[in-house]
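S.K.: Structure provided below as structure tokens; questions to follow.
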Amino acid sequence: KAFRVFKAQDVDAIVHCGDLADYHLVQGYTNYHDIIVGTYPDPAKRPQLLYVYANHDILDPSALVGKRGDGNHVMKEKECFAEMSAILESPKELAQEREINGYAFLTFPESYGLVGGHDFIRQRLTAACSAHPGKPVFLFMHYPALGTIYGSEGGMGPGTRKLLDEFPQVVFFSGHIHNSVRNELNIWQDGFTAIDAGTLQEWYGSCVGTSISGKQGHDVLVAEAYPDRLIVKRFDTRTGEEVCARNRWTVPLPFDPKTAPYAASAAKARERPAAFAAGAEIRITPDKAPFETVKVEFPDAAPVEDAFKYEIAICRADGKGGWTRISNVEVFGQFYLGAAERRPWMGTTFSSGYFETGTRYRFEVRAKGFRGTLGEPLAAEWTAPEMAAYETVWESANPANDCTFKSCG
């Protein structure tokens with residue numbers, strides 16, 4: 001489906017940012033190559049194809065013992081990459097460089113130490129930028145640079161970010177961390193421009209106080225380069241239609257960090273949070289009587305595409321006519337879904353452990369933009385009815401400090 005989109009858009013090049021396979025299996029690469037040939041049967045009319053060699057492309061299933069993830073696998077990097085490139089009929093070089101329509105395209109493998117590390121990357125970028133003054137230089141790697149796009153803490157260390165800051169011409173596309181391309185935090189600018197390529201697998205992300213389930217990705221990027229701007233369009237592979245068309249990512253060229261539209265401060269300054277419609281209400285529904293859980297639901301704010309998350313706060317009456325916030329959680333908005341997939345009501349469920357029978361509570365829901373801007377709250381009050389007996393397992397007024405286990409991911 002992705003290749004049908006690319007063909008309909010008449011692209012000149014297709015770049016895969018790594019993890020073409022789940023495991024290094026010949027049949028997987030053969031299937032992929034068959035899709036290419038089936039979509040573009042005439043080699044002369046086939047777009048140029050570039051690949052980033054990445055971690056899943058070197059997982060050898062013949063060496064796996066027990067469950068995946070237990071460390072029992074062998075990474076035969078050069079051998080796996082050589083076999084992969086042969087099946088895909090791609091160049092054997094682990095680091096590739098092409099000039100396409102007058103623009104430089106560079107790819108480096110995830111294990112860039114195999115090709116000389118940061119020194120080698122710096123050398124190649126220096127030459128490409130010098131040969132293409134005033135133009136973007138397109139760089140493709142598997143891991144994102146730390147502190148750039150959404151989820152980049154799961155990418156490379158600070159060295160790559162520091163290196164790329166030397167090259168403002170660079171437009172850096174990455175994969176690995178599984179993002180929705182409809183997430184506006186997946187384009188970033190400071191010393192250079194970074195863009196996440198998205199995923200056709202599941203993506204996760206993080207929300208305060210909520211266990212996150214996987215969400216299927218269906219979208220791909222198509223970038224168009226012009227002398228004065230770079231436009232990045234986003235497409236739903238199921239329908240072939242452009243999504244987020246009212247907010248195409250547009251980078252003025254030549255790149256100037258001082259006026260970069262996707263720098264954090266500039267993007268936040270123009271963010272307008274989604275708003276609830278007049279008359280919108282919160283639904284509060286206990287599961288039974290006496291209750292064990294209570295469901296808090298609300299309609300989407302509009303525009304749906306601008307609501308990255310919803311912040312849901314529980315406030316308890318303080319006995320003085322005011323309210324004390326006792327907890328808040330976040331849930332993802334429905335920005336990543338097509339219109340037909342969106343639910344009429346969103347929300348979350350709270351345990352009865354948050355409440356006391358007969359006490360008055362106030363629920364407040366705010367739409368939260370991608371840059372953190374909060375909209376006006378939607379609120380409802382509720383008196384907790386009789387609740388089922390429960391056991392308090394652990395309690396803290398400051399769990400961030402008191403909890404002995406902390407995630408470092």
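Convention: chains lettered A, B, ... in structure tokens order; per-chain residue numbering from 1; ligands numbered from 1 as shown.
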Neighbouring residues of stretch 109-121 of chain A were defined as those with any atom within 9 Å, considering only C-alpha atoms; residues of the same chain fewer than 3 positions away were excluded. Please report them as number ranges by chain.
M.R.: A: 18, 51-55, 77-78, 94-95, 124-126, 140-143, 159-160, 163
S.K.: I need the residues from that last selection saved to file as a PDB file, in the first residue's frame (with N, CA and C atoms), if you can.
M.R.:
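Below is the file that was written, part36.pdb:
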ATOM      1  N   GLY A  18      15.298   1.678   7.928  1.00  0.00           N
ATOM      2  CA  GLY A  18      15.800   0.554   8.716  1.00  0.00           C
ATOM      3  C   GLY A  18      14.726  -0.271   9.368  1.00  0.00           C
ATOM      4  N   TYR A  51      18.529   2.191   1.371  1.00  0.00           N
ATOM      5  CA  TYR A  51      18.204   1.466   2.594  1.00  0.00           C
ATOM      6  C   TYR A  51      19.182   1.835   3.705  1.00  0.00           C
ATOM      7  N   VAL A  52      18.624   1.916   4.902  1.00  0.00           N
ATOM      8  CA  VAL A  52      19.452   2.024   6.097  1.00  0.00           C
ATOM      9  C   VAL A  52      19.458   0.649   6.754  1.00  0.00           C
ATOM     10  N   TYR A  53      20.633   0.109   7.026  1.00  0.00           N
ATOM     11  CA  TYR A  53      20.724  -1.207   7.651  1.00  0.00           C
ATOM     12  C   TYR A  53      20.635  -1.039   9.163  1.00  0.00           C
ATOM     13  N   ALA A  54      19.745  -1.804   9.818  1.00  0.00           N
ATOM     14  CA  ALA A  54      19.409  -1.522  11.214  1.00  0.00           C
ATOM     15  C   ALA A  54      19.342  -2.798  12.052  1.00  0.00           C
ATOM     16  N   ASN A  55      18.915  -2.642  13.311  1.00  0.00           N
ATOM     17  CA  ASN A  55      19.054  -3.713  14.295  1.00  0.00           C
ATOM     18  C   ASN A  55      18.229  -4.963  13.973  1.00  0.00           C
ATOM     19  N   GLU A  77      26.625  -8.783  11.646  1.00  0.00           N
ATOM     20  CA  GLU A  77      26.223  -7.582  10.934  1.00  0.00           C
ATOM     21  C   GLU A  77      26.622  -7.570   9.457  1.00  0.00           C
ATOM     22  N   LYS A  78      27.898  -7.654   9.173  1.00  0.00           N
ATOM     23  CA  LYS A  78      28.327  -7.512   7.781  1.00  0.00           C
ATOM     24  C   LYS A  78      27.751  -8.612   6.901  1.00  0.00           C
ATOM     25  N   LEU A  94      27.765  -0.158   2.956  1.00  0.00           N
ATOM     26  CA  LEU A  94      26.937   0.055   4.134  1.00  0.00           C
ATOM     27  C   LEU A  94      26.525   1.517   4.253  1.00  0.00           C
ATOM     28  N   ALA A  95      27.400   2.407   3.826  1.00  0.00           N
ATOM     29  CA  ALA A  95      27.076   3.843   3.763  1.00  0.00           C
ATOM     30  C   ALA A  95      26.937   4.204   2.292  1.00  0.00           C
ATOM     31  N   ARG A 124      31.849  12.940   5.239  1.00  0.00           N
ATOM     32  CA  ARG A 124      30.887  12.830   4.140  1.00  0.00           C
ATOM     33  C   ARG A 124      29.937  14.035   4.112  1.00  0.00           C
ATOM     34  N   LEU A 125      29.481  14.467   5.276  1.00  0.00           N
ATOM     35  CA  LEU A 125      28.565  15.607   5.324  1.00  0.00           C
ATOM     36  C   LEU A 125      29.264  16.895   4.903  1.00  0.00           C
ATOM     37  N   THR A 126      30.492  17.053   5.303  1.00  0.00           N
ATOM     38  CA  THR A 126      31.254  18.239   4.915  1.00  0.00           C
ATOM     39  C   THR A 126      31.370  18.326   3.398  1.00  0.00           C
ATOM     40  N   PHE A 140      19.910  10.043   6.155  1.00  0.00           N
ATOM     41  CA  PHE A 140      19.019   9.001   6.645  1.00  0.00           C
ATOM     42  C   PHE A 140      19.797   8.042   7.536  1.00  0.00           C
ATOM     43  N   MET A 141      19.338   7.891   8.771  1.00  0.00           N
ATOM     44  CA  MET A 141      19.914   6.924   9.700  1.00  0.00           C
ATOM     45  C   MET A 141      18.761   6.266  10.452  1.00  0.00           C
ATOM     46  N   HIS A 142      19.073   5.230  11.202  1.00  0.00           N
ATOM     47  CA  HIS A 142      18.006   4.493  11.884  1.00  0.00           C
ATOM     48  C   HIS A 142      17.591   5.177  13.185  1.00  0.00           C
ATOM     49  N   TYR A 143      18.548   5.440  14.046  1.00  0.00           N
ATOM     50  CA  TYR A 143      18.240   6.078  15.323  1.00  0.00           C
ATOM     51  C   TYR A 143      18.090   7.588  15.158  1.00  0.00           C
ATOM     52  N   GLY A 159      26.430  12.569  21.138  1.00  0.00           N
ATOM     53  CA  GLY A 159      27.475  12.827  20.149  1.00  0.00           C
ATOM     54  C   GLY A 159      26.943  13.109  18.762  1.00  0.00           C
ATOM     55  N   THR A 160      25.905  12.390  18.344  1.00  0.00           N
ATOM     56  CA  THR A 160      25.357  12.598  17.000  1.00  0.00           C
ATOM     57  C   THR A 160      24.674  13.946  16.896  1.00  0.00           C
ATOM     58  N   LEU A 163      27.293  16.524  16.577  1.00  0.00           N
ATOM     59  CA  LEU A 163      27.877  16.486  15.239  1.00  0.00           C
ATOM     60  C   LEU A 163      26.979  17.177  14.225  1.00  0.00           C
TER      61      LEU A 163
END
S.K.: Name the residues in contact with A:Pro385 at a cut-off of 8 Å, using only C-alpha atoms, excluding same-chain residues fewer than 2 positions from it; report them as a list in words.
M.R.: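 Non-adjacent residues within range: Ala289, Pro290, Phe291, Thr357, Gly358, Thr383 and Met387 of chain A.
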S.K.: Using only C-alpha atoms, which protein or nucleic acid residues come within 12 Å of stretch 213-217 of chain A? Drop anything in the same chain fewer than 2 positions from it, and give the result as number ranges by chain.
M.R.: A: 2, 178-183, 197-207, 210-211, 219-220, 235-238, 331-338, 341
S.K.: Residues at most 12 Å from A:Ile58, counting only C-alpha atoms, excluding those fewer than 5 positions away in the same chain, as a list in words?
M.R.: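 Here the answer would be Gly18, Asp19, Leu20, Ala21, Asp22, Tyr23, His24, Leu25, Val26, Val52, Tyr53, Ala63, Leu64, His73, Val74, Met75, Lys76, Glu77, Lys78, Glu79, Cys80, Phe81, Ala82, Glu83, Met84, Pro109, Glu110 and Ser111 of chain A.
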S.K.: Which residue out of A:Ala223, A:Ala245, A:Ala277, A:Val5 has the minimum interatomic distance to A:Asp300 when only C-alpha atoms are used?
M.R.: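 The closest residue to A:Asp300 is A:Ala277.
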S.K.: Find, counting only C-alpha atoms, the residue in A:Cys315, A:Val393, A:Ala400, A:Ala266 that gets nearest to A:Arg360.
M.R.: A:Cys315
S.K.: Would you mind listing what lies within 7 Å of A:Ile195 as a count of residues only, with only C-alpha atoms counted and same-chain residues fewer than 5 positions away left out?
M.R.: 7
S.K.: Which is closer to A:Phe276 than all the others in A:Leu185, A:Leu374, A:Val251, A:Val232, using only C-alpha atoms?
M.R.: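 Closest candidate: A:Leu374.
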S.K.: Fewer than 2 positions away in the same chain doesn't count, so skip those; otherwise give me all residues within 12 Å of A:Glu271, counting only C-alpha atoms, as a ChimeraX atom specification.
M.R.: /A:184-185,247,261-262,264-269,273-274,306-308,368-375
S.K.: Excluding A:Ala313 and its own-chain neighbours fewer than 6 positions away, which residues fall within 10 Å of it when counting only C-alpha atoms? Please give them as a VMD selection string.
M.R.: chain A and resid 325 to 330 362 to 366 377 379
S.K.: Write out, as a CSV table (one decimal), in the first residue's frame, the residues just selected, with N, CA and C atoms.
M.R.:
chain,number,residue,atom,x,y,z
A,325,ARG,N,-6.4,19.5,44.1
A,325,ARG,CA,-6.2,18.5,43.1
A,325,ARG,C,-5.5,17.3,43.7
A,326,ILE,N,-6.0,16.1,43.5
A,326,ILE,CA,-5.4,14.9,44.2
A,326,ILE,C,-4.7,14.0,43.1
A,327,SER,N,-5.1,14.2,41.9
A,327,SER,CA,-4.4,13.3,40.9
A,327,SER,C,-4.7,13.8,39.5
A,328,ASN,N,-3.9,13.5,38.5
A,328,ASN,CA,-4.2,13.8,37.1
A,328,ASN,C,-3.5,12.7,36.3
A,329,VAL,N,-4.2,12.4,35.2
A,329,VAL,CA,-3.7,11.4,34.2
A,329,VAL,C,-3.8,12.0,32.8
A,330,GLU,N,-3.2,11.4,31.9
A,330,GLU,CA,-3.3,11.8,30.5
A,330,GLU,C,-3.7,10.7,29.6
A,362,ARG,N,-14.5,17.0,41.8
A,362,ARG,CA,-14.6,17.7,40.5
A,362,ARG,C,-13.6,17.1,39.5
A,363,PHE,N,-14.1,16.8,38.3
A,363,PHE,CA,-13.3,16.3,37.3
A,363,PHE,C,-13.1,17.4,36.3
A,364,GLU,N,-11.8,17.7,35.9
A,364,GLU,CA,-11.5,18.7,34.9
A,364,GLU,C,-10.7,18.1,33.8
A,365,VAL,N,-11.2,18.3,32.5
A,365,VAL,CA,-10.5,17.8,31.3
A,365,VAL,C,-10.0,18.9,30.5
A,366,ARG,N,-8.8,18.9,30.1
A,366,ARG,CA,-8.2,19.9,29.2
A,366,ARG,C,-7.6,19.3,28.0
A,377,PRO,N,-10.8,24.3,30.5
A,377,PRO,CA,-11.3,23.0,31.0
A,377,PRO,C,-12.7,22.8,30.8
A,379,ALA,N,-15.6,20.7,32.8
A,379,ALA,CA,-15.6,20.3,34.2
A,379,ALA,C,-17.0,19.7,34.6
S.K.: Can you pull out every residue from stretch 88-306 of chain A that DSSP, working from the backbone, puts in strand (DSSP E), and format the result as a short mmCIF file (atom, residue, chain, number, x, y, z; two decimals) with N, CA, C and O atoms, in the first residue's frame?
M.R.:
data_model
loop_
_atom_site.label_atom_id
_atom_site.label_comp_id
_atom_site.auth_asym_id
_atom_site.auth_seq_id
_atom_site.Cartn_x
_atom_site.Cartn_y
_atom_site.Cartn_z
N GLN A 96 25.79 4.76 1.93
CA GLN A 96 25.53 5.06 0.53
C GLN A 96 25.38 6.56 0.32
O GLN A 96 24.94 7.28 1.21
N GLU A 97 25.76 7.00 -0.86
CA GLU A 97 25.61 8.40 -1.22
C GLU A 97 25.13 8.48 -2.66
O GLU A 97 25.71 7.86 -3.55
N ARG A 98 24.06 9.23 -2.87
CA ARG A 98 23.52 9.43 -4.22
C ARG A 98 23.26 10.90 -4.44
O ARG A 98 22.98 11.64 -3.50
N GLU A 99 23.31 11.32 -5.70
CA GLU A 99 22.82 12.62 -6.07
C GLU A 99 21.58 12.41 -6.91
O GLU A 99 21.63 11.74 -7.95
N ILE A 100 20.44 12.95 -6.45
CA ILE A 100 19.17 12.75 -7.12
C ILE A 100 18.57 14.13 -7.40
O ILE A 100 18.33 14.91 -6.48
N TYR A 103 20.26 16.94 -5.61
CA TYR A 103 20.30 16.94 -4.15
C TYR A 103 21.10 15.74 -3.66
O TYR A 103 21.06 14.66 -4.25
N ALA A 104 21.81 15.94 -2.55
CA ALA A 104 22.62 14.87 -1.97
C ALA A 104 21.79 14.04 -1.01
O ALA A 104 21.09 14.58 -0.15
N PHE A 105 21.88 12.72 -1.15
CA PHE A 105 21.22 11.75 -0.26
C PHE A 105 22.30 10.87 0.35
O PHE A 105 23.09 10.25 -0.38
N LEU A 106 22.35 10.79 1.67
CA LEU A 106 23.34 9.97 2.35
C LEU A 106 22.65 9.05 3.35
O LEU A 106 21.76 9.48 4.09
N THR A 107 23.06 7.78 3.37
CA THR A 107 22.57 6.84 4.38
C THR A 107 23.76 6.24 5.12
O THR A 107 24.82 5.99 4.52
N VAL A 137 20.77 18.92 2.50
CA VAL A 137 21.46 17.65 2.32
C VAL A 137 20.67 16.62 3.11
O VAL A 137 20.50 16.77 4.33
N PHE A 138 20.15 15.62 2.44
CA PHE A 138 19.26 14.66 3.06
C PHE A 138 20.05 13.50 3.66
O PHE A 138 20.75 12.77 2.94
N LEU A 139 19.91 13.36 4.95
CA LEU A 139 20.63 12.33 5.71
C LEU A 139 19.62 11.34 6.28
O LEU A 139 18.59 11.74 6.84
N PHE A 140 19.91 10.04 6.15
CA PHE A 140 19.02 9.00 6.64
C PHE A 140 19.80 8.04 7.54
O PHE A 140 20.80 7.46 7.12
N VAL A 170 21.57 20.10 6.88
CA VAL A 170 21.11 18.72 6.98
C VAL A 170 19.62 18.65 7.31
O VAL A 170 19.13 19.34 8.21
N VAL A 171 18.91 17.81 6.56
CA VAL A 171 17.55 17.39 6.90
C VAL A 171 17.66 15.90 7.22
O VAL A 171 17.94 15.09 6.33
N PHE A 172 17.46 15.58 8.48
CA PHE A 172 17.78 14.26 9.00
C PHE A 172 16.51 13.45 9.23
O PHE A 172 15.69 13.79 10.08
N PHE A 173 16.33 12.39 8.45
CA PHE A 173 15.20 11.48 8.61
C PHE A 173 15.66 10.24 9.38
O PHE A 173 16.71 9.67 9.08
N SER A 174 14.85 9.81 10.36
CA SER A 174 15.21 8.64 11.16
C SER A 174 14.00 7.75 11.37
O SER A 174 12.86 8.13 11.11
N ILE A 187 8.58 16.69 13.80
CA ILE A 187 9.48 17.56 13.05
C ILE A 187 10.08 18.52 14.06
O ILE A 187 9.37 19.05 14.93
N TRP A 188 11.36 18.73 13.98
CA TRP A 188 12.11 19.49 14.99
C TRP A 188 13.19 20.30 14.27
O TRP A 188 13.78 19.82 13.29
N GLN A 189 13.44 21.50 14.76
CA GLN A 189 14.52 22.31 14.20
C GLN A 189 15.26 23.05 15.30
O GLN A 189 14.67 23.53 16.27
N THR A 193 17.55 20.29 10.81
CA THR A 193 16.15 19.84 10.79
C THR A 193 16.11 18.33 10.96
O THR A 193 16.85 17.61 10.28
N ALA A 194 15.25 17.85 11.87
CA ALA A 194 15.08 16.41 12.09
C ALA A 194 13.61 16.06 11.88
O ALA A 194 12.72 16.78 12.32
N ILE A 195 13.39 14.93 11.21
CA ILE A 195 12.02 14.47 10.91
C ILE A 195 11.96 12.97 11.15
O ILE A 195 12.84 12.22 10.71
N ASP A 196 10.91 12.52 11.84
CA ASP A 196 10.72 11.08 12.02
C ASP A 196 9.95 10.52 10.83
O ASP A 196 8.96 11.11 10.39
N GLU A 202 3.38 -0.87 15.01
CA GLU A 202 2.70 -0.19 16.10
C GLU A 202 3.57 0.92 16.68
O GLU A 202 4.79 0.85 16.62
N TRP A 203 2.93 1.94 17.25
CA TRP A 203 3.65 2.98 17.97
C TRP A 203 3.01 3.12 19.35
O TRP A 203 1.87 2.73 19.57
N LYS A 215 -0.65 1.26 19.04
CA LYS A 215 -1.57 1.87 18.07
C LYS A 215 -0.98 1.65 16.68
O LYS A 215 0.17 2.02 16.44
N GLN A 216 -1.74 1.08 15.80
CA GLN A 216 -1.22 0.72 14.49
C GLN A 216 -0.91 1.96 13.65
O GLN A 216 -1.72 2.89 13.60
N ASP A 219 0.80 5.31 8.04
CA ASP A 219 1.12 6.51 7.27
C ASP A 219 2.57 6.55 6.81
O ASP A 219 3.46 5.98 7.45
N VAL A 220 2.78 7.24 5.69
CA VAL A 220 4.13 7.44 5.15
C VAL A 220 4.31 8.91 4.79
O VAL A 220 3.34 9.66 4.68
N LEU A 221 5.56 9.29 4.60
CA LEU A 221 5.91 10.65 4.22
C LEU A 221 6.29 10.72 2.75
O LEU A 221 6.91 9.79 2.21
N VAL A 222 5.95 11.83 2.12
CA VAL A 222 6.45 12.15 0.78
C VAL A 222 6.97 13.58 0.84
O VAL A 222 6.22 14.51 1.16
N ALA A 223 8.26 13.75 0.58
CA ALA A 223 8.89 15.07 0.66
C ALA A 223 9.11 15.61 -0.75
O ALA A 223 9.52 14.88 -1.66
N GLU A 224 8.85 16.91 -0.90
CA GLU A 224 9.07 17.59 -2.18
C GLU A 224 10.04 18.74 -1.94
O GLU A 224 9.81 19.60 -1.08
N ALA A 225 11.13 18.75 -2.70
CA ALA A 225 12.14 19.79 -2.55
C ALA A 225 12.04 20.81 -3.67
O ALA A 225 11.97 20.45 -4.86
N TYR A 226 11.99 22.08 -3.30
CA TYR A 226 11.96 23.21 -4.24
C TYR A 226 13.12 24.14 -3.87
O TYR A 226 13.67 24.06 -2.77
N ARG A 229 11.90 26.01 -0.65
CA ARG A 229 11.22 25.36 0.46
C ARG A 229 11.25 23.85 0.30
O ARG A 229 11.38 23.32 -0.82
N LEU A 230 11.10 23.18 1.43
CA LEU A 230 10.91 21.73 1.48
C LEU A 230 9.51 21.49 2.04
O LEU A 230 9.17 22.01 3.10
N ILE A 231 8.69 20.72 1.33
CA ILE A 231 7.35 20.40 1.79
C ILE A 231 7.29 18.90 2.09
O ILE A 231 7.68 18.08 1.26
N VAL A 232 6.80 18.57 3.28
CA VAL A 232 6.64 17.17 3.67
C VAL A 232 5.16 16.88 3.82
O VAL A 232 4.47 17.46 4.67
N LYS A 233 4.67 15.98 2.98
CA LYS A 233 3.26 15.58 3.00
C LYS A 233 3.15 14.22 3.71
O LYS A 233 4.06 13.41 3.68
N ARG A 234 1.98 13.99 4.29
CA ARG A 234 1.72 12.75 5.02
C ARG A 234 0.52 12.04 4.40
O ARG A 234 -0.51 12.68 4.14
N PHE A 235 0.65 10.74 4.17
CA PHE A 235 -0.38 9.98 3.48
C PHE A 235 -0.80 8.76 4.28
O PHE A 235 0.02 8.08 4.89
N ASP A 236 -2.11 8.47 4.25
CA ASP A 236 -2.66 7.24 4.80
C ASP A 236 -2.56 6.17 3.72
O ASP A 236 -3.18 6.29 2.65
N GLU A 242 -3.92 12.22 1.32
CA GLU A 242 -3.06 13.02 2.18
C GLU A 242 -3.81 13.34 3.47
O GLU A 242 -4.99 13.67 3.47
N VAL A 243 -3.10 13.22 4.60
CA VAL A 243 -3.67 13.59 5.89
C VAL A 243 -2.95 14.83 6.41
O VAL A 243 -1.85 15.17 5.96
N TRP A 249 4.07 20.13 6.66
CA TRP A 249 5.35 20.60 7.19
C TRP A 249 6.11 21.30 6.06
O TRP A 249 6.45 20.69 5.04
N THR A 250 6.38 22.56 6.26
CA THR A 250 7.04 23.36 5.22
C THR A 250 8.25 24.05 5.82
O THR A 250 8.12 24.84 6.76
N VAL A 251 9.42 23.76 5.28
CA VAL A 251 10.68 24.30 5.77
C VAL A 251 11.21 25.30 4.73
O VAL A 251 11.55 24.91 3.61
N PRO A 252 11.29 26.59 5.07
CA PRO A 252 11.86 27.57 4.14
C PRO A 252 13.34 27.27 3.88
O PRO A 252 14.07 26.84 4.77
N ARG A 283 -19.21 12.68 31.14
CA ARG A 283 -20.04 11.59 31.67
C ARG A 283 -19.26 10.88 32.77
O ARG A 283 -18.09 10.52 32.56
N ILE A 284 -19.89 10.65 33.93
CA ILE A 284 -19.25 9.98 35.06
C ILE A 284 -20.10 8.76 35.39
O ILE A 284 -21.26 8.90 35.79
N THR A 285 -19.52 7.56 35.22
CA THR A 285 -20.32 6.34 35.32
C THR A 285 -19.63 5.30 36.20
O THR A 285 -18.64 4.68 35.79
N PRO A 286 -20.14 5.07 37.43
CA PRO A 286 -19.62 3.98 38.25
C PRO A 286 -19.95 2.63 37.61
O PRO A 286 -20.96 2.49 36.91
N THR A 293 -14.89 0.86 40.25
CA THR A 293 -14.26 1.80 39.32
C THR A 293 -15.30 2.79 38.83
O THR A 293 -16.50 2.52 38.86
N VAL A 294 -14.80 3.93 38.37
CA VAL A 294 -15.69 4.92 37.77
C VAL A 294 -15.09 5.36 36.44
O VAL A 294 -13.89 5.64 36.35
N LYS A 295 -15.92 5.38 35.41
CA LYS A 295 -15.47 5.78 34.07
C LYS A 295 -15.77 7.26 33.86
O LYS A 295 -16.88 7.72 34.13
N VAL A 296 -14.76 7.99 33.41
CA VAL A 296 -14.91 9.42 33.11
C VAL A 296 -14.73 9.58 31.60
O VAL A 296 -13.67 9.25 31.05
N GLU A 297 -15.78 10.05 30.91
CA GLU A 297 -15.76 10.16 29.46
C GLU A 297 -16.09 11.58 29.03
O GLU A 297 -16.79 12.32 29.72
N PHE A 298 -15.61 11.93 27.85
CA PHE A 298 -15.83 13.28 27.31
C PHE A 298 -15.73 13.22 25.79
O PHE A 298 -15.08 12.32 25.23
#
S.K.: Which residue gives the smallest distance to A:Ala13 among A:Asn101, A:Asp57, A:Ile87, A:Tyr390, with only C-alpha atoms counted?
M.R.: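 The answer is A:Asn101, which sits nearest to A:Ala13.
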S.K.: Would you please extract all helix (DSSP H, G or I) residues from stretch 355-402 of chain A, as assigned by DSSP on the backbone, and give them as a VMD selection string?
M.R.: chain A and resid 399 to 402
S.K.: Give me a file of those residues, with N, CA and C atoms, as a compact mmCIF listing (two decimals), in the first residue's frame.
M.R.:
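Once written, out.txt looks like this:
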# COMPACT_ATOMS: atom_id res chain seq x y z
N PRO A 399 5.10 10.34 45.11
CA PRO A 399 5.59 9.05 44.59
C PRO A 399 6.83 9.17 43.72
N ALA A 400 7.01 10.31 43.05
CA ALA A 400 8.20 10.46 42.20
C ALA A 400 9.49 10.34 43.01
N ASN A 401 9.44 10.77 44.27
CA ASN A 401 10.62 10.68 45.14
C ASN A 401 10.64 9.40 45.97
N ASP A 402 9.45 8.92 46.37
CA ASP A 402 9.39 7.79 47.30
C ASP A 402 9.45 6.44 46.63
S.K.: For atom CA of A:Thr39 and atom CA of A:Thr239, determine how far apart the two atoms are, in Å to one decimal place.
M.R.: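 Taking atom CA of A:Thr39 as the start and atom CA of A:Thr239 as the end point, the length is 16.7 Å.
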S.K.: How many Å separate atom CA of A:Pro168 from atom CA of A:Asp190?
M.R.: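 Those two atoms sit 8.4 Å apart.
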